[in-house]
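S.K.: The file below is entry.txt, compact mmCIF, C-alpha atoms:
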```txt
# COMPACT_ATOMS: atom_id res chain seq x y z
CA MET A 1439 -50.62 50.04 -45.80
CA ARG A 1440 -51.56 51.20 -49.28
CA ALA A 1441 -54.04 54.05 -49.57
CA ARG A 1442 -57.23 53.36 -51.47
CA PRO A 1443 -57.61 55.45 -54.61
CA LEU A 1444 -60.28 58.16 -54.59
CA THR A 1445 -62.37 58.77 -57.66
CA ARG A 1446 -65.13 61.24 -58.42
CA GLY A 1447 -68.48 59.52 -57.93
CA PHE A 1448 -71.74 59.12 -56.03
CA CYS A 1449 -71.67 58.27 -52.31
CA LEU A 1450 -74.14 55.51 -51.48
CA LEU A 1451 -74.59 56.76 -47.90
CA CYS A 1452 -74.99 60.55 -48.13
CA ARG A 1453 -76.06 60.55 -51.80
CA HIS A 1454 -73.75 63.37 -52.87
CA THR A 1455 -71.32 63.49 -55.75
CA LYS A 1456 -67.81 63.87 -54.35
CA TYR A 1457 -64.56 61.95 -54.13
CA VAL A 1458 -65.38 58.40 -53.10
CA LEU A 1459 -63.71 55.05 -52.59
CA TRP A 1460 -64.99 51.61 -53.42
CA ILE A 1461 -66.47 49.83 -50.37
CA GLY A 1462 -67.65 46.67 -52.09
CA PRO A 1463 -70.56 45.27 -54.01
CA VAL A 1464 -74.14 45.61 -52.76
CA GLU A 1465 -76.98 43.29 -53.64
CA HIS A 1466 -80.70 44.01 -53.80
CA ASP A 1467 -83.41 41.83 -55.34
CA GLY A 1468 -80.77 39.58 -56.84
CA GLN A 1469 -78.96 42.42 -58.62
CA ARG A 1470 -75.40 43.41 -57.73
CA ALA A 1471 -73.78 46.81 -58.14
CA PRO A 1472 -70.57 48.47 -56.96
CA ALA A 1473 -70.86 50.65 -53.85
CA TYR A 1474 -68.87 53.79 -53.15
CA ALA A 1475 -68.64 56.01 -50.05
CA CYS A 1476 -67.02 59.38 -49.38
CA GLU A 1477 -64.34 59.88 -46.73
CA ASP A 1478 -66.76 61.72 -44.40
CA CYS A 1479 -69.24 58.83 -44.42
CA CYS A 1480 -66.46 56.26 -43.96
CA ALA A 1481 -65.21 58.19 -40.91
CA PHE A 1482 -68.76 58.38 -39.50
CA VAL A 1483 -69.28 54.62 -39.94
CA ARG A 1484 -65.89 53.84 -38.37
CA THR A 1485 -66.79 55.97 -35.32
CA TYR A 1486 -70.26 54.42 -35.07
CA ILE A 1487 -68.89 50.86 -35.20
CA HIS A 1488 -66.20 51.73 -32.64
CA GLN A 1489 -68.88 53.03 -30.24
CA CYS A 1490 -71.00 49.90 -30.74
CA ASN A 1491 -67.98 47.71 -30.03
CA GLN A 1492 -67.24 49.66 -26.84
CA ARG A 1493 -70.83 49.19 -25.62
CA TRP A 1494 -70.62 45.48 -26.47
CA ASP A 1495 -67.34 45.15 -24.54
CA ARG A 1496 -68.84 46.85 -21.45
CA ARG A 1497 -71.55 44.20 -21.11
CA PRO A 1498 -71.38 42.27 -17.84
CA ALA A 1499 -69.93 38.79 -18.07
CA THR A 1500 -72.45 36.01 -17.57
```
Re-express the file's structure as structure tokens.
M.R.:
Amino acid sequence: MRARPLTRGFCLLCRHTKYVLWIGPVEHDGQRAPAYACEDCCAFVRTYIHQCNQRWDRRPAT
């Protein structure tokens, strides 16, 4: 797997200037812009999604 390049920029999530990676375009009111996130925020989001998936998987079967 190829590592994503880090560049100095503005994190969309924590709103700090640090090394960030491109996470995709965002759209608001019909305007599109590139979105960047720092490694700390990416790790937080990965953990959060993992926890949500675990809760979803523990639901009783119907």
S.K.: Would you place a box with edges along x, y and z of the file around all atoms of segment 1484-1488 of chain A listed there, add 6 Å to each of its six sides, and report the centre and edge lengths in Å to one decimal, as JSON?
M.R.:
```
{"center_x": -68.1, "center_y": 53.4, "center_z": -35.5, "size_x": 16.4, "size_y": 17.1, "size_z": 17.7}
```
S.K.: Determine the nearest neighbour of Gly1447 of chain A from the options A:Val1464, A:Ala1499, A:Leu1459, A:Ala1481, counting all atoms listed in the file.
M.R.: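 Selected residue with least distance to Gly1447 of chain A: A:Leu1459.
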S.K.: Name the residues in contact with segment 1465-1472 of chain A at a cut-off of 12 Å, using all atoms listed in the file, excluding same-chain residues fewer than 2 positions from it; report them as a VMD selection string.
M.R.: chain A and resid 1447 to 1450 1458 to 1463 1474 to 1475
S.K.: Please report the interatomic distance between atom CA of Phe1482 of chain A and atom CA of Cys1452 of chain A in Å with one decimal.
M.R.: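 Between these atoms lies a distance of 10.9 Å.
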S.K.: Mind pulling up the distance from atom CA of Ala1473 of chain A to atom CA of Arg1453 of chain A?
M.R.: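 Computing it gives 11.4 Å between the two atoms.
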